[in-house]
>>> print(open('query32.txt').read())   # compact mmCIF, C-alpha atoms
# COMPACT_ATOMS: atom_id res chain seq x y z
CA MET A 8 118.08 88.16 57.59
CA ASN A 9 114.41 89.17 57.50
CA SER A 10 113.74 90.94 60.81
CA LYS A 11 109.93 90.68 60.42
CA LEU A 12 110.17 86.90 60.43
CA ASN A 13 112.28 87.10 63.56
CA ASP A 14 109.66 89.22 65.28
CA ARG A 15 107.01 86.57 64.58
CA ASP A 16 109.20 83.75 65.92
CA ILE A 17 109.76 85.68 69.13
CA GLU A 18 106.03 86.38 69.43
CA LYS A 19 105.16 82.70 69.08
CA ALA A 20 107.67 81.59 71.69
CA MET A 21 106.52 84.40 73.97
CA GLY A 22 102.94 83.14 73.72
CA LYS A 23 104.08 79.68 74.74
CA LEU A 24 106.08 81.03 77.70
CA LEU A 25 103.04 82.96 79.02
CA ARG A 26 100.80 79.92 78.66
CA VAL A 27 103.22 77.60 80.48
CA GLY A 28 103.64 80.15 83.30
CA VAL A 29 99.92 80.62 83.88
CA LEU A 30 99.09 76.90 83.61
CA SER A 31 101.84 75.71 85.95
CA SER A 32 100.91 78.39 88.47
CA ALA A 33 97.23 77.37 88.36
CA LEU A 34 98.12 73.70 88.86
CA ILE A 35 100.32 74.48 91.89
CA VAL A 36 97.63 76.74 93.39
CA ALA A 37 95.03 73.97 92.91
CA ALA A 38 97.30 71.37 94.53
CA GLY A 39 97.94 73.72 97.45
CA ALA A 40 94.18 74.30 97.77
CA ILE A 41 93.52 70.60 98.38
CA LEU A 42 96.12 70.47 101.18
CA TYR A 43 94.83 73.76 102.59
CA PHE A 44 91.28 72.35 102.79
CA ILE A 45 92.58 69.22 104.56
CA GLN A 46 94.69 71.28 107.00
CA HIS A 47 92.36 74.25 107.62
CA GLY A 48 89.06 73.43 105.88
CA ASN A 49 86.94 73.90 108.98
CA ASP A 50 88.66 77.02 110.30
CA LEU A 51 86.76 80.30 110.18
CA ALA A 52 87.37 82.48 107.10
CA ASN A 53 87.71 86.08 108.28
CA TYR A 54 89.20 88.92 106.26
CA ARG A 55 87.28 91.82 107.81
CA ARG A 56 90.26 93.44 109.46
CA PHE A 57 93.56 94.04 107.75
CA ILE A 58 96.47 92.65 109.75
CA GLY A 59 98.84 91.91 106.89
CA GLU A 60 100.42 88.60 106.04
CA PRO A 61 103.05 87.03 108.29
CA LYS A 62 106.65 86.77 107.02
CA ARG A 63 106.21 83.09 106.17
CA PHE A 64 103.84 84.11 103.32
CA THR A 65 105.78 87.10 102.01
CA GLU A 66 109.37 85.87 101.75
CA LEU A 67 110.32 83.55 98.94
CA ARG A 68 112.72 81.54 101.15
CA SER A 69 110.20 80.84 103.91
CA VAL A 70 107.43 80.08 101.39
CA TRP A 71 109.73 77.68 99.54
CA MET A 72 110.75 75.79 102.70
CA ALA A 73 107.20 75.49 104.05
CA ALA A 74 105.89 74.42 100.65
CA PHE A 75 108.30 71.49 100.73
CA ARG A 76 106.99 70.53 104.15
CA GLY A 77 103.56 70.22 102.51
CA ARG A 78 101.91 73.33 103.95
CA GLY A 79 98.85 74.10 101.78
CA ARG A 80 98.90 77.89 101.92
CA SER A 81 102.65 78.05 101.28
CA ILE A 82 102.18 75.92 98.16
CA ILE A 83 99.39 78.27 97.01
CA GLN A 84 101.69 81.25 97.65
CA LEU A 85 104.46 79.55 95.66
CA GLY A 86 102.01 79.23 92.76
CA LEU A 87 101.21 82.96 93.07
CA PHE A 88 104.94 83.79 92.99
CA ILE A 89 105.23 81.87 89.71
CA LEU A 90 102.27 83.84 88.39
CA ILE A 91 103.93 87.17 89.30
CA ALA A 92 107.18 85.94 87.75
CA THR A 93 105.49 85.05 84.43
CA PRO A 94 105.26 88.58 82.96
CA ILE A 95 108.75 89.31 84.34
CA ALA A 96 110.09 86.23 82.53
CA ARG A 97 108.42 87.55 79.40
CA ILE A 98 110.48 90.76 79.69
CA VAL A 99 113.73 88.81 80.13
CA PHE A 100 112.72 86.84 77.06
CA SER A 101 112.17 90.07 75.10
CA VAL A 102 115.65 91.32 76.04
CA ILE A 103 117.21 88.13 74.64
CA GLY A 104 115.06 88.35 71.53
CA TYR A 105 116.14 91.93 70.78
CA VAL A 106 119.79 91.03 71.38
CA PHE A 107 119.45 88.37 68.68
CA GLU A 108 117.75 90.88 66.40
CA LYS A 109 120.56 93.37 67.16
CA ASP A 110 117.90 95.97 68.00
CA TYR A 111 119.97 97.65 70.71
CA LEU A 112 117.54 100.53 71.27
CA TYR A 113 114.91 97.99 72.37
CA VAL A 114 117.45 95.99 74.37
CA MET A 115 117.99 99.18 76.40
CA LEU A 116 114.28 100.03 76.70
CA THR A 117 113.36 96.50 77.78
CA LEU A 118 116.23 96.39 80.30
CA ALA A 119 114.96 99.67 81.74
CA VAL A 120 111.47 98.18 82.27
CA LEU A 121 113.07 95.11 83.86
CA ALA A 122 115.17 97.29 86.18
CA ILE A 123 112.12 99.30 87.34
CA ILE A 124 110.35 96.07 88.29
CA LEU A 125 113.32 94.28 89.90
CA ILE A 126 114.26 97.26 92.08
CA ASN A 127 110.84 97.03 93.71
CA ILE A 128 110.57 93.26 94.14
CA MET B 37 81.78 80.76 107.51
CA SER B 38 84.23 77.86 107.22
CA VAL B 39 87.20 78.04 104.87
CA ILE B 40 85.77 75.37 102.54
CA ILE B 41 82.34 77.01 102.12
CA PHE B 42 83.87 80.50 101.79
CA SER B 43 86.31 79.26 99.13
CA PHE B 44 83.66 77.52 97.05
CA ILE B 45 81.25 80.47 97.08
CA LEU B 46 84.13 82.77 96.13
CA LEU B 47 85.22 80.35 93.38
CA PHE B 48 81.75 80.44 91.85
CA VAL B 49 81.55 84.26 92.06
CA SER B 50 85.02 84.55 90.48
CA ILE B 51 84.09 82.25 87.59
CA THR B 52 81.14 84.55 86.88
CA ALA B 53 83.35 87.66 87.16
CA GLY B 54 85.97 86.15 84.85
CA LEU B 55 83.32 85.11 82.30
CA LEU B 56 81.61 88.52 82.26
CA GLY B 57 84.95 90.31 82.26
CA SER B 58 86.16 88.38 79.22
CA LEU B 59 82.85 88.64 77.31
CA THR B 60 82.58 92.40 77.81
CA GLY B 61 86.30 93.15 77.59
CA LEU B 62 86.26 94.96 80.93
CA GLY B 63 88.32 92.37 82.82
CA GLY B 64 87.34 90.58 86.01
CA GLY B 65 89.10 92.92 88.43
CA VAL B 66 86.60 95.72 88.13
CA VAL B 67 83.82 93.69 89.77
CA LEU B 68 85.99 91.66 92.14
CA ILE B 69 86.99 94.50 94.48
CA PRO B 70 83.44 95.79 95.10
CA VAL B 71 82.09 92.23 95.44
CA LEU B 72 84.84 91.29 97.92
CA THR B 73 84.48 94.44 100.03
CA LEU B 74 80.70 95.00 99.86
CA ILE B 75 79.39 91.41 99.91
CA PHE B 76 82.17 89.32 101.47
CA LYS B 77 83.17 92.13 103.88
CA VAL B 78 86.84 91.69 103.02
CA ASP B 79 89.15 94.55 104.00
CA ILE B 80 89.91 96.68 100.92
CA HIS B 81 93.68 96.09 101.19
CA TYR B 82 93.23 92.32 100.89
CA ALA B 83 90.69 92.90 98.09
CA ILE B 84 93.17 95.05 96.14
CA GLY B 85 95.96 92.46 96.55
CA THR B 86 93.71 89.62 95.44
CA SER B 87 92.44 91.57 92.45
CA LEU B 88 95.98 92.44 91.34
CA ILE B 89 96.90 88.74 91.31
CA SER B 90 93.81 87.85 89.27
CA VAL B 91 94.66 90.66 86.81
CA ILE B 92 98.10 89.12 86.19
CA ALA B 93 96.50 85.72 85.60
CA THR B 94 93.86 86.80 83.09
CA SER B 95 96.06 89.23 81.17
CA SER B 96 98.90 86.71 80.80
CA GLY B 97 96.44 84.02 79.72
CA ALA B 98 94.79 86.24 77.12
CA ALA B 99 98.08 87.78 75.95
CA ALA B 100 99.39 84.28 75.19
CA ALA B 101 96.68 83.91 72.54
CA TYR B 102 96.85 87.45 71.10
CA VAL B 103 100.65 87.54 70.84
CA LYS B 104 100.60 84.35 68.78
CA GLU B 105 98.09 85.88 66.36
CA GLY B 106 100.44 88.82 65.81
CA ILE B 107 97.87 91.56 66.54
CA SER B 108 99.61 93.13 69.54
CA ASN B 109 102.26 95.77 68.83
CA ILE B 110 105.05 94.43 71.05
CA ARG B 111 107.45 97.37 70.58
CA LEU B 112 104.72 99.88 71.39
CA GLY B 113 103.81 97.76 74.44
CA ILE B 114 107.39 97.65 75.73
CA PHE B 115 107.94 101.37 75.17
CA LEU B 116 104.74 102.27 77.03
CA GLU B 117 105.50 99.77 79.80
CA LEU B 118 108.19 102.25 80.87
CA ALA B 119 105.37 104.69 81.64
CA THR B 120 103.00 102.17 83.26
CA THR B 121 105.56 100.43 85.49
CA ILE B 122 106.85 103.75 86.88
CA GLY B 123 103.21 104.73 87.45
CA ALA B 124 102.35 101.39 89.07
CA ILE B 125 105.12 101.81 91.62
CA MET B 126 103.99 105.36 92.38
CA GLY B 127 100.41 104.09 92.78
CA ALA B 128 101.32 101.14 95.02
CA PHE B 129 103.39 103.51 97.18
CA LEU B 130 100.44 105.92 97.45
CA ALA B 131 98.05 103.08 98.41
CA GLY B 132 99.87 102.75 101.73
CA PHE B 133 99.25 106.38 102.68
CA ILE B 134 95.78 107.18 101.38
CA SER B 135 92.84 106.30 103.64
CA THR B 136 90.70 103.34 102.60
CA SER B 137 87.62 105.59 102.24
CA VAL B 138 89.41 107.72 99.63
CA ILE B 139 90.57 104.58 97.80
CA ALA B 140 86.95 103.36 97.71
CA ILE B 141 85.76 106.68 96.25
CA VAL B 142 88.52 106.82 93.60
CA PHE B 143 87.67 103.23 92.73
CA GLY B 144 83.98 104.08 92.27
CA VAL B 145 84.83 106.98 89.95
CA ILE B 146 87.16 104.80 87.83
CA LEU B 147 84.44 102.11 87.67
CA ILE B 148 81.87 104.54 86.28
CA PHE B 149 84.42 105.83 83.80
CA SER B 150 85.34 102.30 82.62
CA ALA B 151 81.69 101.34 82.19
CA GLY B 152 81.11 104.47 80.12
CA VAL B 153 84.13 103.79 77.90
CA SER B 154 82.97 100.20 77.28
CA LEU B 155 79.63 101.46 75.95
CA LEU B 156 81.12 104.02 73.56
CA LYS B 157 81.10 103.26 69.85
CA HIS B 158 84.50 102.68 68.32
CA GLU B 159 85.29 103.83 64.84
CA ASP B 160 88.69 102.98 63.55
CA HIS B 161 90.69 105.85 62.17
CA ILE B 162 93.76 104.24 60.71
CA GLU B 163 96.58 106.66 59.97
CA VAL B 164 98.89 105.74 57.14
CA GLY B 165 101.99 107.30 55.63
CA GLN B 166 105.40 108.04 57.03
CA GLY B 167 104.47 108.89 60.61
CA GLY B 168 106.37 111.29 62.88
CA PRO B 169 110.13 111.12 63.48
CA LEU B 170 109.74 109.74 67.03
CA ALA B 171 107.43 106.92 65.91
CA ARG B 172 109.91 106.02 63.17
CA ARG B 173 112.90 106.21 65.49
CA LEU B 174 111.14 103.90 67.99
CA LYS B 175 109.83 101.61 65.19
CA LEU B 176 106.28 101.92 66.50
CA ASN B 177 104.52 101.94 63.12
CA ASN B 178 103.33 98.44 62.35
CA SER B 179 100.66 96.34 60.68
CA PHE B 180 98.10 93.78 61.83
CA PRO B 181 96.22 90.88 60.21
CA SER B 182 92.48 91.35 59.57
CA GLU B 183 89.73 89.82 57.40
CA ARG B 184 90.65 92.33 54.68
CA GLY B 185 94.33 91.37 54.73
CA THR B 186 97.25 93.04 56.47
CA ILE B 187 96.57 96.64 57.47
CA GLY B 188 99.44 99.06 58.15
CA TYR B 189 99.15 102.00 60.57
CA THR B 190 101.25 104.76 62.12
CA VAL B 191 101.33 105.96 65.72
CA ARG B 192 100.72 109.62 66.66
CA ASN B 193 101.16 111.89 69.69
CA ILE B 194 103.66 109.71 71.55
CA PRO B 195 104.32 112.10 74.50
CA GLY B 196 100.56 112.45 75.11
CA GLY B 197 100.05 108.70 75.03
CA PHE B 198 103.05 108.18 77.33
CA LEU B 199 101.62 110.58 79.95
CA MET B 200 98.18 108.94 79.81
CA MET B 201 99.85 105.54 80.24
CA ASN B 202 101.68 106.84 83.29
CA LEU B 203 98.31 107.81 84.81
CA ALA B 204 96.92 104.36 83.90
CA GLY B 205 99.87 102.83 85.76
CA ILE B 206 99.29 104.97 88.86
CA ILE B 207 95.61 103.94 88.96
CA SER B 208 96.57 100.30 88.44
CA GLY B 209 99.06 100.35 91.32
CA LEU B 210 96.71 102.29 93.61
CA LEU B 211 93.61 100.15 93.03
CA GLY B 212 94.97 96.74 92.01
CA ILE B 213 93.15 96.77 88.68
CA GLY B 214 94.42 96.49 85.09
CA SER B 215 93.04 99.96 84.13
CA GLY B 216 92.50 98.61 80.64
CA ALA B 217 90.01 101.42 79.90
CA LEU B 218 92.65 104.13 80.45
CA LYS B 219 95.24 102.18 78.45
CA VAL B 220 92.87 101.83 75.51
CA ILE B 221 92.10 105.57 75.64
CA ALA B 222 95.81 106.36 75.55
CA MET B 223 96.38 104.20 72.48
CA ASP B 224 93.05 104.39 70.65
CA ASN B 225 92.10 108.05 71.19
CA ILE B 226 95.44 109.79 71.77
CA MET B 227 97.93 107.77 69.74
CA ARG B 228 95.42 106.76 67.05
CA VAL B 229 96.34 103.08 67.09
CA PRO B 230 93.63 100.81 65.56
CA PHE B 231 91.16 99.58 68.18
CA LYS B 232 91.97 95.88 67.85
CA VAL B 233 95.69 96.63 68.29
CA SER B 234 94.97 98.93 71.27
CA THR B 235 92.96 96.35 73.18
CA THR B 236 95.36 93.46 72.62
CA THR B 237 98.48 95.55 73.30
CA SER B 238 96.84 96.94 76.45
CA ASN B 239 96.19 93.37 77.58
CA PHE B 240 99.81 92.47 76.87
CA MET B 241 100.99 95.36 79.09
CA ILE B 242 98.62 94.79 82.01
CA GLY B 243 100.53 91.77 83.40
CA VAL B 244 103.86 93.62 83.45
CA THR B 245 102.29 96.72 84.98
CA ALA B 246 100.67 94.61 87.71
CA ALA B 247 103.91 92.69 88.36
CA ALA B 248 105.62 96.03 89.08
CA SER B 249 103.30 96.78 92.02
CA ALA B 250 102.94 93.12 93.10
CA GLY B 251 106.30 93.20 94.90
CA ILE B 252 105.23 96.17 97.03
CA TYR B 253 101.81 94.59 97.74
CA LEU B 254 103.48 91.33 98.70
CA ARG B 255 105.82 93.02 101.19
CA ARG B 256 102.94 94.94 102.76
CA GLY B 257 101.02 91.68 103.20
CA TYR B 258 98.10 92.50 100.85
CA ILE B 259 98.32 89.12 99.09
CA ASP B 260 96.68 86.34 101.09
CA PRO B 261 96.95 82.75 99.77
CA GLY B 262 93.59 81.59 101.18
CA LEU B 263 91.75 84.49 99.59
CA SER B 264 93.68 84.60 96.29
CA MET B 265 93.36 80.85 95.61
CA PRO B 266 89.61 80.64 94.75
CA VAL B 267 89.73 84.02 92.98
CA VAL B 268 92.69 83.22 90.70
CA LEU B 269 91.36 79.78 89.78
CA GLY B 270 87.82 81.07 89.29
CA VAL B 271 88.75 84.06 87.15
CA LEU B 272 91.00 81.86 84.97
CA ILE B 273 88.24 79.28 84.45
CA GLY B 274 85.73 82.03 83.68
CA ALA B 275 88.02 83.87 81.29
CA PHE B 276 88.91 80.65 79.46
CA ALA B 277 85.21 79.75 79.09
CA GLY B 278 84.56 83.30 77.87
CA SER B 279 87.21 83.03 75.16
CA LYS B 280 85.49 79.88 73.87
CA ILE B 281 82.12 81.61 73.45
CA LEU B 282 83.47 84.77 71.93
CA PHE B 283 80.54 85.26 69.54
CA ALA B 284 78.45 86.46 72.47
CA ALA B 285 80.84 89.40 72.90
CA LYS B 286 79.02 91.30 70.19
CA SER B 287 75.82 91.20 72.21
CA LYS B 288 75.06 94.81 73.03
CA SER B 289 72.53 93.87 75.73
CA LEU B 290 75.12 91.89 77.70
CA ARG B 291 77.53 94.84 77.69
CA MET B 292 74.68 97.13 78.76
CA LEU B 293 73.68 94.80 81.60
CA PHE B 294 77.27 94.54 82.84
CA ALA B 295 77.67 98.32 82.65
CA ILE B 296 74.56 98.77 84.82
CA VAL B 297 75.85 96.25 87.39
CA ILE B 298 79.17 98.11 87.48
CA LEU B 299 77.42 101.47 87.84
CA LEU B 300 75.44 100.19 90.85
CA LEU B 301 78.57 98.73 92.47
CA ALA B 302 80.38 102.04 91.84
CA ILE B 303 77.65 104.09 93.53
CA GLU B 304 77.69 101.69 96.50
CA MET B 305 81.49 102.02 96.77
CA ILE B 306 81.37 105.84 96.66
CA TYR B 307 78.47 105.91 99.15
CA ASN B 308 80.29 103.64 101.63
CA GLY B 309 83.50 105.57 101.07
CA THR B 310 81.95 108.95 101.90
CA LEU B 311 80.40 107.48 105.07
CA HIS B 312 83.83 106.03 106.01
CA ARG B 313 82.36 102.53 106.15
CA ILE B 314 85.19 101.20 103.97
>>> encode(input="query32.txt", output="C-alpha cells")
Amino acid sequence: MNSKLNDRDIEKAMGKLLRVGVLSSALIVAAGAILYFIQHGNDLANYRRFIGEPKRFTELRSVWMAAFRGRGRSIIQLGLFILIATPIARIVFSVIGYVFEKDYLYVMLTLAVLAIILINI
Amino acid sequence: MSVIIFSFILLFVSITAGLLGSLTGLGGGVVLIPVLTLIFKVDIHYAIGTSLISVIATSSGAAAAYVKEGISNIRLGIFLELATTIGAIMGAFLAGFISTSVIAIVFGVILIFSAGVSLLKHEDHIEVGQGGPLARRLKLNNSFPSERGTIGYTVRNIPGGFLMMNLAGIISGLLGIGSGALKVIAMDNIMRVPFKVSTTTSNFMIGVTAAASAGIYLRRGYIDPGLSMPVVLGVLIGAFAGSKILFAAKSKSLRMLFAIVILLLAIEMIYNGTLHRI
C-alpha cells in the first residue's frame, strides 16, 4: 500500500475534524450568548479584580448540568470545552491514523503528547 | 458598563484583532492581552485565559485549511509538540507564581520581538539530499506543493529546534499566546524548514500547545465565559474574513502599521509593569 496516499487521506479527514470542532463550538457559544444576554444583559461587567471562576464554571459535570437547565454562561463554557477538546481530538485521530499506517514510532510519539495533555486536564 | 454593551464593544475589537492578526500572520492574541488589560482594565489573569481560548480557535480554524492543502509537515509537528506541550505546562505552572507586573514586562518584550520578526525578510534556503540520521529515523524530511511543483526538503539541527520549541511552549503557557514567532524561528532559522511549511506547521501545533495549558488555566479560574464569548466569536469572524482577503497580506505598509501598534502596546505594557500598575 502507498503510505503517501494514506498520509493525504488522514490529512483531509483531520482538516474536516478541526473544522467541525471549531464550528460547533462557535455555534454553542453564540447560543449561550443569547441566553446570557437575556439572563444577565443589564448586569455590570467588571473584570478589574481577579477572583477566579466558581466551581460551576470549571468542572465539566457542573457545567454540563447547568447547561441543560438553560444557563447562558454554562452553555458558553460548554462551547469553550468543545473548543479545547478539538486539538486533543485531533491527536487521538493521529494515533488511530498511525496505527493504520503501522507507523509504530509515531503511534508512540503521538501517545506521549496525548499523555502529557491528559495528565494536566 | 452593562454586560450587553461591554460584550458588543469587545466583539467589535476582537473582529479587528482577528482580521489584523490573520492579515499580518501575527495572530490575534498578541494584541488582545494589552487591549484587554490597558483599555478594558481586565485583570491580566483573565486576559491571559481569554487569549489562550482565542488562540485555540484561530489556530484550529486555520489549520483545518492548511492541513487539507498538504503544506504542513504533520510528523514534524507531532514530534515538536512533545517539546511545546511540556513547555506549555511548565509555563502555565509558572504563571501562578510570578507576579503580574513581571508577566506584563515579559509580555512586552515578547511583543517587541514578535513585531521585529514579522518585519524581517524571509529568504527560503531549501536543503535537499539525504538529511541527517535523526531526521531520516523520524521521517521528518518531506515535500510541499508550490506554484513550481512539488518541492522536497530536509530538516536540520533537530535538538536545537526541539529546545527552541520547548522555550516557545513555556512562553505560550506563561502568557496565553500562540508564540508563533518563536515557533517559526525554531523551524525556519534553526531547522531550515521552508518558510511556508514553518508557518503552517507552527499554526498546526499552536492549538495542541494551548490545549496543554488550558486545563491548568481552567482549574485556576482564568477562563471566564462572559469575557471569552465575545472574544472567541470576534476573533473567529475576523480571522475568517482575513482569510478571504488574503491578497492584502502582501501589503508591506499594513504589516508596518501593525508592527508600530504592537510596539506602542508593548512599551505601555512594560511601563505599567515596571510601575506595578498591572
>>> atom_distance(input="query32.txt", atom1="atom CA of Met126 of chain B", atom2="atom CA of Val70 of chain A")
27.1 Å
>>> interface_residues(input="query32.txt", of="chain A", to="chain B", cutoff="6 Å", atoms="only C-alpha atoms", output="ChimeraX atom specification")
/A:18-19,22,25-26,48-52,54-57,59-60,65,80,83-84,91,94,120,124,128
>>> atom_distance(input="query32.txt", atom1="atom CA of Ile75 of chain B", atom2="atom CA of Gly212 of chain B")
18.3 Å
>>> residues_near_point(input="query32.txt", point="(101.9, 94.9, 65.9)", cutoff="12 Å", atoms="only C-alpha atoms", output="MDAnalysis selection string")
(chainID A and resid 11 14:15 18) or (chainID B and resid 102:114 175:182 186:191 229:238 240)
>>> residues_around(input="query32.txt", residues="Ile303 of chain B", least_positions_apart="3", cutoff="9 Å", atoms="only C-alpha atoms", output="JSON, numbers by chain")
{"B": [141, 144, 145, 148, 298, 299, 300, 306, 307, 308]}
>>> atom_distance(input="query32.txt", atom1="atom CA of Ser215 of chain B", atom2="atom CA of Phe100 of chain A")
24.7 Å
>>> closest_residue(input="query32.txt", among="A:Gly28, A:Gly86, A:Tyr113, A:Asn53", to="Leu67 of chain A", atoms="only C-alpha atoms")
A:Gly86
>>> residues_around(input="query32.txt", residues="segment 95-98 of chain A", least_positions_apart="2", cutoff="7 Å", atoms="only C-alpha atoms", output="list in words")
Met21, Ala92, Thr93, Phe100, Ser101, Val102, Thr117 and Leu121 of chain A; Val244 of chain B
>>> residues_around(input="query32.txt", residues="Ile82 of chain A", least_positions_apart="2", cutoff="9 Å", atoms="only C-alpha atoms", output="short mmCIF file (atom, residue, chain, number, x, y, z; two decimals) with C-alpha atoms, in the frame of the given file")
data_model
loop_
_atom_site.label_atom_id
_atom_site.label_comp_id
_atom_site.auth_asym_id
_atom_site.auth_seq_id
_atom_site.Cartn_x
_atom_site.Cartn_y
_atom_site.Cartn_z
CA ILE A 35 100.32 74.48 91.89
CA VAL A 36 97.63 76.74 93.39
CA ALA A 38 97.30 71.37 94.53
CA GLY A 39 97.94 73.72 97.45
CA ALA A 40 94.18 74.30 97.77
CA LEU A 42 96.12 70.47 101.18
CA TYR A 43 94.83 73.76 102.59
CA VAL A 70 107.43 80.08 101.39
CA TRP A 71 109.73 77.68 99.54
CA ALA A 73 107.20 75.49 104.05
CA ALA A 74 105.89 74.42 100.65
CA PHE A 75 108.30 71.49 100.73
CA GLY A 77 103.56 70.22 102.51
CA ARG A 78 101.91 73.33 103.95
CA GLY A 79 98.85 74.10 101.78
CA ARG A 80 98.90 77.89 101.92
CA GLN A 84 101.69 81.25 97.65
CA LEU A 85 104.46 79.55 95.66
CA GLY A 86 102.01 79.23 92.76
CA LEU A 87 101.21 82.96 93.07
CA PRO B 261 96.95 82.75 99.77
#
>>> closest_residue(input="query32.txt", among="A:Ile17, A:Leu112, A:Ile45, A:Ile89", to="Ser31 of chain A", atoms="all atoms listed in the file")
A:Ile89
>>> decode(input="query32.txt", residues="segment 90-143 of chain B", atoms="C-alpha atoms", output="PDB file, in the first residue's frame")
ATOM      1  CA  SER B  90      -8.978  32.595  21.196  1.00  0.00           C
ATOM      2  CA  VAL B  91      -5.587  31.156  20.159  1.00  0.00           C
ATOM      3  CA  ILE B  92      -7.062  27.634  20.114  1.00  0.00           C
ATOM      4  CA  ALA B  93      -9.980  28.864  17.992  1.00  0.00           C
ATOM      5  CA  THR B  94      -7.963  30.661  15.320  1.00  0.00           C
ATOM      6  CA  SER B  95      -5.199  28.080  15.045  1.00  0.00           C
ATOM      7  CA  SER B  96      -7.639  25.170  14.718  1.00  0.00           C
ATOM      8  CA  GLY B  97      -9.668  27.097  12.140  1.00  0.00           C
ATOM      9  CA  ALA B  98      -6.615  27.974  10.050  1.00  0.00           C
ATOM     10  CA  ALA B  99      -5.002  24.542  10.471  1.00  0.00           C
ATOM     11  CA  ALA B 100      -8.146  22.944   9.023  1.00  0.00           C
ATOM     12  CA  ALA B 101      -7.453  24.724   5.726  1.00  0.00           C
ATOM     13  CA  TYR B 102      -3.655  24.253   5.652  1.00  0.00           C
ATOM     14  CA  VAL B 103      -3.743  20.556   6.566  1.00  0.00           C
ATOM     15  CA  LYS B 104      -6.079  19.871   3.645  1.00  0.00           C
ATOM     16  CA  GLU B 105      -3.685  21.600   1.243  1.00  0.00           C
ATOM     17  CA  GLY B 106      -0.878  19.303   2.409  1.00  0.00           C
ATOM     18  CA  ILE B 107       1.631  22.073   3.209  1.00  0.00           C
ATOM     19  CA  SER B 108       2.021  21.362   6.936  1.00  0.00           C
ATOM     20  CA  ASN B 109       4.575  18.720   7.944  1.00  0.00           C
ATOM     21  CA  ILE B 110       2.401  16.678  10.310  1.00  0.00           C
ATOM     22  CA  ARG B 111       5.178  14.352  11.562  1.00  0.00           C
ATOM     23  CA  LEU B 112       7.457  17.293  12.316  1.00  0.00           C
ATOM     24  CA  GLY B 113       4.526  18.985  14.089  1.00  0.00           C
ATOM     25  CA  ILE B 114       3.769  15.959  16.265  1.00  0.00           C
ATOM     26  CA  PHE B 115       7.429  15.401  17.144  1.00  0.00           C
ATOM     27  CA  LEU B 116       7.876  19.041  18.169  1.00  0.00           C
ATOM     28  CA  GLU B 117       4.572  19.049  20.062  1.00  0.00           C
ATOM     29  CA  LEU B 118       6.384  16.894  22.622  1.00  0.00           C
ATOM     30  CA  ALA B 119       8.620  19.906  23.286  1.00  0.00           C
ATOM     31  CA  THR B 120       5.881  22.552  23.219  1.00  0.00           C
ATOM     32  CA  THR B 121       3.342  20.719  25.398  1.00  0.00           C
ATOM     33  CA  ILE B 122       5.935  20.020  28.118  1.00  0.00           C
ATOM     34  CA  GLY B 123       6.922  23.698  27.885  1.00  0.00           C
ATOM     35  CA  ALA B 124       3.296  24.887  27.985  1.00  0.00           C
ATOM     36  CA  ILE B 125       2.679  23.020  31.227  1.00  0.00           C
ATOM     37  CA  MET B 126       5.854  24.458  32.745  1.00  0.00           C
ATOM     38  CA  GLY B 127       4.768  27.942  31.633  1.00  0.00           C
ATOM     39  CA  ALA B 128       1.197  27.639  32.936  1.00  0.00           C
ATOM     40  CA  PHE B 129       2.594  26.391  36.261  1.00  0.00           C
ATOM     41  CA  LEU B 130       4.979  29.378  36.438  1.00  0.00           C
ATOM     42  CA  ALA B 131       2.146  31.841  35.661  1.00  0.00           C
ATOM     43  CA  GLY B 132       0.631  31.083  39.063  1.00  0.00           C
ATOM     44  CA  PHE B 133       3.791  32.084  40.936  1.00  0.00           C
ATOM     45  CA  ILE B 134       5.191  35.033  39.008  1.00  0.00           C
ATOM     46  CA  SER B 135       3.826  38.487  39.887  1.00  0.00           C
ATOM     47  CA  THR B 136       1.506  40.107  37.346  1.00  0.00           C
ATOM     48  CA  SER B 137       3.959  43.014  36.859  1.00  0.00           C
ATOM     49  CA  VAL B 138       6.696  40.612  35.749  1.00  0.00           C
ATOM     50  CA  ILE B 139       4.248  38.841  33.409  1.00  0.00           C
ATOM     51  CA  ALA B 140       3.370  42.221  31.862  1.00  0.00           C
ATOM     52  CA  ILE B 141       7.052  43.047  31.299  1.00  0.00           C
ATOM     53  CA  VAL B 142       7.862  39.626  29.779  1.00  0.00           C
ATOM     54  CA  PHE B 143       4.810  40.049  27.566  1.00  0.00           C
TER      55      PHE B 143
END
